[in-house]
file entry.cif (mmCIF, C-alpha atoms)
data_start
#
loop_
_atom_site.label_atom_id
_atom_site.label_comp_id
_atom_site.auth_asym_id
_atom_site.auth_seq_id
_atom_site.Cartn_x
_atom_site.Cartn_y
_atom_site.Cartn_z
CA MET A 556 137.03 72.57 81.56
CA LYS A 557 134.91 72.68 78.39
CA LYS A 558 132.51 75.08 80.10
CA LEU A 559 135.40 77.44 80.93
CA VAL A 560 136.62 77.40 77.34
CA ALA A 561 133.07 78.17 76.15
CA ILE A 562 132.73 81.08 78.61
CA PHE A 563 136.12 82.42 77.53
CA ALA A 564 135.12 82.21 73.85
CA VAL A 565 131.84 84.03 74.50
CA LEU A 566 133.73 86.82 76.28
CA LEU A 567 136.20 87.13 73.41
CA PHE A 568 133.57 87.39 70.72
CA THR A 569 130.75 89.33 72.39
CA MET A 570 132.53 91.94 74.51
CA PRO A 571 134.21 93.87 71.65
CA ALA A 572 130.94 95.67 70.97
CA VAL A 573 131.17 97.54 74.29
CA GLY A 574 134.68 98.95 73.76
CA LEU A 575 134.91 102.68 73.25
CA ALA A 576 138.54 103.71 72.77
CA GLN A 577 141.87 102.04 72.06
CA ILE A 578 144.48 102.27 74.84
CA GLU A 579 147.62 103.36 72.98
CA SER A 580 150.06 103.97 75.83
CA GLY A 581 150.24 104.34 79.58
CA PHE A 582 150.70 102.34 82.74
CA GLY A 583 147.94 100.59 84.61
CA ILE A 584 147.23 98.37 87.57
CA GLY A 585 144.34 96.10 88.39
CA PRO A 586 143.02 92.82 89.77
CA ARG A 587 142.99 89.55 87.90
CA LEU A 588 141.13 86.29 88.35
CA GLY A 589 141.80 83.04 86.63
CA TYR A 590 141.56 79.29 86.42
CA TYR A 591 144.59 76.99 86.32
CA GLN A 592 144.88 73.25 85.90
CA ALA A 593 148.16 71.42 85.66
CA ASP A 594 148.25 68.51 83.22
CA ASP A 595 148.59 65.91 86.00
CA ALA A 596 146.37 67.58 88.61
CA GLU A 597 143.15 65.86 89.51
CA GLU A 598 141.24 69.17 89.45
CA GLY A 599 141.96 72.79 88.58
CA ASN A 600 141.34 75.82 90.76
CA VAL A 601 140.41 79.48 90.67
CA PHE A 602 143.12 81.99 91.58
CA GLY A 603 143.47 85.71 92.15
CA GLY A 604 146.20 88.28 91.89
CA ILE A 605 147.27 91.71 90.78
CA GLN A 606 148.76 92.85 87.47
CA ILE A 607 150.63 95.91 86.27
CA ARG A 608 150.76 96.69 82.57
CA GLY A 609 152.71 99.23 80.62
CA ARG A 610 151.52 100.01 77.10
CA LEU A 611 154.72 101.40 75.61
CA SER A 612 153.20 101.86 72.16
CA PRO A 613 150.01 100.84 70.35
CA VAL A 614 151.64 97.46 69.54
CA PHE A 615 154.01 96.67 72.42
CA GLY A 616 153.45 96.29 76.15
CA LEU A 617 154.93 94.76 79.29
CA GLU A 618 153.16 93.06 82.16
CA ALA A 619 154.15 92.06 85.68
CA ALA A 620 151.83 89.96 87.84
CA VAL A 621 151.72 88.24 91.22
CA GLU A 622 149.10 85.61 92.04
CA TYR A 623 148.21 83.00 94.61
CA ARG A 624 147.11 79.63 93.30
CA ALA A 625 145.65 77.43 96.02
CA GLY A 626 146.39 73.74 96.27
CA GLN A 627 146.02 71.27 93.46
CA GLU A 628 146.06 67.60 94.33
CA TYR A 629 148.28 65.06 92.60
CA GLY A 630 148.11 61.30 92.97
CA ILE A 631 151.59 59.81 93.43
CA ASP A 632 152.21 56.09 92.90
CA GLY A 633 148.46 55.47 92.95
CA VAL A 634 148.63 55.32 96.76
CA GLN A 635 149.75 58.68 98.11
CA SER A 636 148.60 62.15 97.21
CA MET A 637 150.25 65.53 97.47
CA GLU A 638 148.88 69.05 97.30
CA THR A 639 150.81 71.95 95.80
CA SER A 640 150.18 75.69 95.93
CA PHE A 641 151.98 78.27 93.83
CA VAL A 642 152.84 81.93 94.27
CA PRO A 643 154.02 82.98 90.82
CA ALA A 644 155.66 86.31 90.04
CA THR A 645 155.70 86.69 86.26
CA ALA A 646 156.97 89.16 83.67
CA SER A 647 155.56 89.12 80.15
CA ALA A 648 155.92 90.87 76.82
CA LEU A 649 152.68 91.67 75.01
CA LEU A 650 152.47 92.17 71.24
CA PHE A 651 149.17 93.88 70.34
CA LEU A 652 147.42 93.83 67.00
CA PRO A 653 145.40 97.10 67.11
CA VAL A 654 142.72 96.07 64.65
CA SER A 655 140.00 98.34 66.04
CA ASP A 656 139.32 101.06 68.58
CA HIS A 657 137.02 98.55 70.28
CA PHE A 658 139.42 95.66 70.91
CA ALA A 659 143.05 94.63 70.56
CA PRO A 660 144.07 90.97 70.33
CA TYR A 661 147.57 90.19 71.58
CA GLY A 662 150.18 87.49 71.91
CA VAL A 663 151.95 87.02 75.22
CA ALA A 664 155.24 85.38 76.21
CA GLY A 665 157.16 85.56 79.45
CA LEU A 666 159.02 84.09 82.38
CA GLY A 667 158.03 83.47 85.95
CA ALA A 668 159.46 82.57 89.33
CA TYR A 669 157.09 80.12 91.01
CA TYR A 670 157.32 79.64 94.76
CA THR A 671 156.01 76.12 95.11
CA ILE A 672 154.50 75.00 98.42
CA TYR A 673 154.21 71.25 98.93
CA ASP A 674 151.78 69.67 101.39
CA THR A 675 153.09 66.14 101.72
CA GLU A 676 151.19 64.88 104.75
CA GLY A 677 151.59 61.13 104.96
CA PHE A 678 154.77 60.99 102.87
CA SER A 679 157.71 59.09 104.30
CA GLU A 680 159.93 62.12 103.61
CA ASP A 681 159.12 65.81 103.38
CA ILE A 682 159.71 67.76 100.20
CA ASP A 683 161.00 71.27 100.80
CA ASN A 684 159.15 74.26 99.39
CA GLU A 685 161.14 75.77 96.54
CA PHE A 686 161.41 78.39 93.79
CA ASN A 687 161.10 77.11 90.26
CA VAL A 688 161.45 78.98 86.99
CA GLY A 689 158.96 78.52 84.20
CA TYR A 690 157.80 80.25 81.05
CA HIS A 691 154.47 80.82 79.32
CA LEU A 692 153.05 81.46 75.87
CA GLY A 693 149.54 82.51 74.95
CA PHE A 694 147.10 84.94 73.42
CA GLY A 695 144.39 87.28 74.60
CA LEU A 696 142.17 90.24 73.98
CA GLU A 697 142.08 93.70 75.56
CA ILE A 698 138.75 95.52 75.44
CA PRO A 699 138.92 99.22 76.40
CA PHE A 700 135.85 100.80 77.99
CA ASN A 701 137.39 104.28 77.78
CA GLN A 702 140.91 105.81 77.72
CA ASN A 703 141.57 104.71 81.33
CA VAL A 704 139.78 101.38 81.88
CA ALA A 705 140.11 98.11 79.98
CA LEU A 706 139.14 94.48 80.41
CA ASN A 707 141.60 91.81 79.34
CA ALA A 708 141.10 88.08 78.95
CA ASP A 709 143.76 85.59 77.95
CA TYR A 710 144.87 82.00 77.71
CA ARG A 711 148.40 80.92 78.60
CA TYR A 712 150.09 77.56 78.58
CA LEU A 713 152.55 77.38 81.47
CA PHE A 714 155.71 75.32 81.06
CA LEU A 715 156.68 74.47 84.63
CA ASN A 716 158.34 71.15 85.25
CA PRO A 717 161.85 71.52 86.64
CA ASP A 718 164.22 68.58 86.38
CA ARG A 719 164.36 68.27 90.16
CA ASN A 720 160.59 67.79 90.35
CA GLU A 721 160.70 65.15 87.63
CA GLN A 722 163.14 63.10 89.69
CA ASN A 723 161.57 63.63 93.11
CA LEU A 724 157.93 63.32 92.19
CA GLU A 725 157.90 60.50 89.67
CA ASP A 726 157.38 62.64 86.56
CA THR A 727 154.56 64.73 88.01
CA GLU A 728 153.69 67.38 85.44
CA PHE A 729 153.09 70.90 86.80
CA SER A 730 152.76 72.49 83.33
CA GLY A 731 149.21 73.39 82.41
CA ASN A 732 146.53 75.73 81.13
CA ALA A 733 145.66 79.10 82.65
CA PHE A 734 142.74 81.35 81.72
CA THR A 735 142.77 84.85 83.20
CA VAL A 736 140.53 87.90 83.19
CA GLY A 737 141.78 91.26 84.43
CA LEU A 738 140.48 94.79 84.85
CA MET A 739 143.08 97.47 84.15
CA PHE A 740 142.98 101.05 85.39
CA TYR A 741 145.40 103.07 83.24
CA LEU A 742 146.91 106.34 84.43
#
call {"tool": "encode", "arguments": {"input": "entry.cif", "output": "C-alpha coordinates"}}
result
Amino acid sequence: MKKLVAIFAVLLFTMPAVGLAQIESGFGIGPRLGYYQADDAEEGNVFGGIQIRGRLSPVFGLEAAVEYRAGQEYGIDGVQSMETSFVPATASALLFLPVSDHFAPYGVAGLGAYYTIYDTEGFSEDIDNEFNVGYHLGFGLEIPFNQNVALNADYRYLFLNPDRNEQNLEDTEFSGNAFTVGLMFYL
(Lines of atoms letter the chains of each structure in order from A and count residues from 1; the text may use other names and numbers.)
(Lines give C-alpha, C1' and ligand atoms only; values in the text may rest on other atoms or scores of the structure.)
Protein backbone atom coordinates (compact mmCIF):
# COMPACT_ATOMS: atom_id res chain seq x y z
CA MET A 1 0.00 0.00 0.00
CA LYS A 2 2.84 2.40 0.84
CA LYS A 3 4.39 1.72 -2.57
CA LEU A 4 1.12 2.66 -4.30
CA VAL A 5 0.89 5.91 -2.35
CA ALA A 6 4.50 6.71 -3.31
CA ILE A 7 3.84 5.99 -7.00
CA PHE A 8 0.70 8.14 -6.88
CA ALA A 9 2.64 11.02 -5.27
CA VAL A 10 5.39 10.80 -7.90
CA LEU A 11 2.77 10.98 -10.67
CA LEU A 12 1.11 13.99 -9.06
CA PHE A 13 4.29 15.98 -8.69
CA THR A 14 6.32 15.03 -11.77
CA MET A 15 3.75 14.81 -14.55
CA PRO A 16 2.64 18.49 -14.54
CA ALA A 17 5.73 19.40 -16.54
CA VAL A 18 4.41 17.53 -19.60
CA GLY A 19 1.01 19.26 -19.75
CA LEU A 20 0.46 21.58 -22.68
CA ALA A 21 -3.01 23.10 -22.51
CA GLN A 22 -5.81 23.44 -19.97
CA ILE A 23 -9.07 21.62 -20.82
CA GLU A 24 -11.72 24.27 -20.18
CA SER A 25 -14.87 22.55 -21.42
CA GLY A 26 -16.06 19.56 -23.39
CA PHE A 27 -17.08 15.95 -22.99
CA GLY A 28 -14.70 13.03 -22.97
CA ILE A 29 -14.51 9.29 -22.56
CA GLY A 30 -11.68 6.99 -21.65
CA PRO A 31 -10.37 3.97 -19.76
CA ARG A 32 -9.45 3.96 -16.10
CA LEU A 33 -7.38 1.65 -13.93
CA GLY A 34 -7.18 1.62 -10.20
CA TYR A 35 -6.43 -0.09 -6.93
CA TYR A 36 -9.03 -0.62 -4.20
CA GLN A 37 -8.73 -2.06 -0.72
CA ALA A 38 -11.58 -2.21 1.74
CA ASP A 39 -10.68 -1.54 5.36
CA ASP A 40 -11.40 -5.13 6.43
CA ALA A 41 -10.16 -6.92 3.29
CA GLU A 42 -7.09 -9.08 3.61
CA GLU A 43 -5.66 -7.71 0.34
CA GLY A 44 -6.57 -5.06 -2.21
CA ASN A 45 -6.91 -5.54 -5.95
CA VAL A 46 -6.46 -3.81 -9.28
CA PHE A 47 -9.60 -2.89 -11.22
CA GLY A 48 -10.54 -1.49 -14.60
CA GLY A 49 -13.41 0.46 -16.06
CA ILE A 50 -14.56 3.27 -18.26
CA GLN A 51 -15.27 6.91 -17.40
CA ILE A 52 -17.13 9.75 -19.06
CA ARG A 53 -16.39 13.33 -18.04
CA GLY A 54 -18.07 16.57 -18.88
CA ARG A 55 -16.11 19.76 -18.25
CA LEU A 56 -18.97 22.24 -18.02
CA SER A 57 -16.67 25.17 -17.22
CA PRO A 58 -13.02 25.67 -16.27
CA VAL A 59 -13.95 24.97 -12.61
CA PHE A 60 -16.87 22.52 -12.67
CA GLY A 61 -17.26 19.06 -14.16
CA LEU A 62 -19.30 15.88 -13.91
CA GLU A 63 -18.13 12.28 -14.16
CA ALA A 64 -19.87 8.95 -14.66
CA ALA A 65 -17.96 5.68 -14.36
CA VAL A 66 -18.51 1.93 -14.44
CA GLU A 67 -15.89 -0.50 -13.15
CA TYR A 68 -15.38 -4.13 -12.27
CA ARG A 69 -13.57 -4.86 -9.03
CA ALA A 70 -12.60 -8.51 -8.71
CA GLY A 71 -12.92 -10.42 -5.47
CA GLN A 72 -11.54 -9.30 -2.16
CA GLU A 73 -11.35 -11.84 0.62
CA TYR A 74 -12.71 -11.25 4.11
CA GLY A 75 -12.18 -13.45 7.13
CA ILE A 76 -15.44 -13.98 9.02
CA ASP A 77 -15.45 -15.26 12.62
CA GLY A 78 -11.79 -16.24 12.25
CA VAL A 79 -12.92 -19.53 10.70
CA GLN A 80 -14.76 -18.85 7.46
CA SER A 81 -13.85 -16.56 4.61
CA MET A 82 -15.92 -14.84 1.97
CA GLU A 83 -15.00 -13.19 -1.32
CA THR A 84 -16.82 -10.16 -2.69
CA SER A 85 -16.71 -8.54 -6.11
CA PHE A 86 -18.20 -5.16 -6.97
CA VAL A 87 -19.60 -3.60 -10.12
CA PRO A 88 -19.96 0.07 -9.19
CA ALA A 89 -21.75 2.65 -11.32
CA THR A 90 -20.85 6.08 -9.93
CA ALA A 91 -21.70 9.72 -10.59
CA SER A 92 -19.43 12.47 -9.30
CA ALA A 93 -19.13 16.23 -9.22
CA LEU A 94 -15.65 17.63 -9.85
CA LEU A 95 -14.53 21.06 -8.63
CA PHE A 96 -11.35 22.12 -10.47
CA LEU A 97 -8.81 24.65 -9.32
CA PRO A 98 -7.30 25.83 -12.66
CA VAL A 99 -3.97 26.97 -11.29
CA SER A 100 -2.00 26.44 -14.50
CA ASP A 101 -2.34 25.50 -18.15
CA HIS A 102 -0.28 22.43 -17.29
CA PHE A 103 -2.38 20.87 -14.53
CA ALA A 104 -5.64 21.27 -12.64
CA PRO A 105 -6.11 19.83 -9.14
CA TYR A 106 -9.69 18.97 -8.22
CA GLY A 107 -11.94 17.80 -5.43
CA VAL A 108 -14.43 15.03 -6.11
CA ALA A 109 -17.63 13.93 -4.37
CA GLY A 110 -20.33 11.58 -5.54
CA LEU A 111 -22.70 8.66 -5.17
CA GLY A 112 -22.60 5.14 -6.47
CA ALA A 113 -24.73 2.05 -6.89
CA TYR A 114 -22.60 -0.99 -6.09
CA TYR A 115 -23.73 -4.38 -7.32
CA THR A 116 -22.13 -6.65 -4.75
CA ILE A 117 -21.41 -10.28 -5.63
CA TYR A 118 -20.80 -12.61 -2.70
CA ASP A 119 -18.91 -15.90 -3.02
CA THR A 120 -19.81 -17.70 0.18
CA GLU A 121 -18.63 -21.22 -0.55
CA GLY A 122 -18.60 -23.18 2.68
CA PHE A 123 -21.09 -20.93 4.49
CA SER A 124 -24.04 -22.59 6.17
CA GLU A 125 -26.36 -20.15 4.39
CA ASP A 126 -25.98 -18.27 1.12
CA ILE A 127 -25.96 -14.49 1.01
CA ASP A 128 -27.79 -13.05 -1.98
CA ASN A 129 -26.02 -10.69 -4.35
CA GLU A 130 -27.37 -7.17 -3.90
CA PHE A 131 -27.25 -3.50 -4.85
CA ASN A 132 -25.88 -1.15 -2.22
CA VAL A 133 -25.59 2.61 -2.28
CA GLY A 134 -22.43 4.35 -1.21
CA TYR A 135 -20.71 7.70 -1.55
CA HIS A 136 -17.15 8.90 -2.03
CA LEU A 137 -14.97 11.92 -1.36
CA GLY A 138 -11.50 12.63 -2.66
CA PHE A 139 -9.07 14.73 -4.63
CA GLY A 140 -7.07 14.42 -7.82
CA LEU A 141 -5.15 16.04 -10.61
CA GLU A 142 -5.89 16.38 -14.32
CA ILE A 143 -2.89 16.83 -16.61
CA PRO A 144 -3.76 17.85 -20.19
CA PHE A 145 -1.44 16.76 -22.99
CA ASN A 146 -3.29 18.91 -25.53
CA GLN A 147 -6.82 20.31 -26.00
CA ASN A 148 -8.26 16.79 -26.52
CA VAL A 149 -6.27 14.38 -24.32
CA ALA A 150 -5.70 14.45 -20.57
CA LEU A 151 -4.43 12.13 -17.86
CA ASN A 152 -6.18 12.14 -14.51
CA ALA A 153 -5.14 10.56 -11.23
CA ASP A 154 -7.12 10.62 -8.02
CA TYR A 155 -7.68 9.24 -4.56
CA ARG A 156 -11.15 8.54 -3.21
CA TYR A 157 -12.35 7.19 0.09
CA LEU A 158 -15.44 5.05 -0.48
CA PHE A 159 -18.11 4.91 2.21
CA LEU A 160 -19.85 1.60 1.55
CA ASN A 161 -21.20 -0.28 4.52
CA PRO A 162 -24.96 -0.69 4.40
CA ASP A 163 -26.80 -1.53 7.60
CA ARG A 164 -27.88 -4.89 6.19
CA ASN A 165 -24.26 -5.92 5.64
CA GLU A 166 -23.33 -4.88 9.17
CA GLN A 167 -25.95 -7.23 10.57
CA ASN A 168 -25.40 -10.16 8.21
CA LEU A 169 -21.63 -10.13 8.04
CA GLU A 170 -20.61 -9.38 11.60
CA ASP A 171 -19.57 -5.75 11.04
CA THR A 172 -17.49 -6.44 7.93
CA GLU A 173 -16.32 -3.08 6.60
CA PHE A 174 -16.54 -2.60 2.81
CA SER A 175 -15.51 1.08 2.94
CA GLY A 176 -11.99 1.71 1.74
CA ASN A 177 -9.38 3.51 -0.31
CA ALA A 178 -9.36 3.74 -4.11
CA PHE A 179 -6.60 5.14 -6.31
CA THR A 180 -7.44 5.60 -9.98
CA VAL A 181 -5.67 6.74 -13.13
CA GLY A 182 -7.61 7.56 -16.29
CA LEU A 183 -6.91 8.72 -19.82
CA MET A 184 -9.55 11.07 -21.21
CA PHE A 185 -10.21 11.76 -24.88
CA TYR A 186 -12.22 14.99 -25.08
CA LEU A 187 -14.38 15.84 -28.08
call {"tool": "closest_residue", "arguments": {"input": "entry.cif", "among": "A:Arg624, A:His691, A:His657, A:Arg608", "to": "Tyr590 (chain A)", "atoms": "only C-alpha atoms"}}
result
A:Arg624
call {"tool": "resolve_selection", "arguments": {"input": "entry.cif", "expression": "the PyMOL selection byres ((chain A and resi 644) around 12)", "output": "list of chain:residue names"}}
result
A:Gly604, A:Ile605, A:Gln606, A:Ile607, A:Glu618, A:Ala619, A:Ala620, A:Val621, A:Glu622, A:Tyr623, A:Arg624, A:Phe641, A:Val642, A:Pro643, A:Thr645, A:Ala646, A:Ser647, A:Gly665, A:Leu666, A:Gly667, A:Ala668, A:Tyr669, A:Tyr670, A:Thr671, A:Phe686, A:Asn687, A:Val688, A:Gly689, A:Tyr690
call {"tool": "closest_residue", "arguments": {"input": "entry.cif", "among": "A:Asn684, A:Ser580, A:Thr735, A:Ser730", "to": "Asn707 (chain A)", "atoms": "only C-alpha atoms"}}
result
A:Thr735
call {"tool": "closest_residue", "arguments": {"input": "entry.cif", "among": "A:Leu706, A:Met637, A:Leu611, A:Leu713", "to": "Val663 (chain A)", "atoms": "all atoms listed in the file"}}
result
A:Leu713
call {"tool": "atom_distance", "arguments": {"input": "entry.cif", "atom1": "CA of Arg610 (chain A)", "atom2": "CA of Ala659 (chain A)"}}
result
12.0 Å
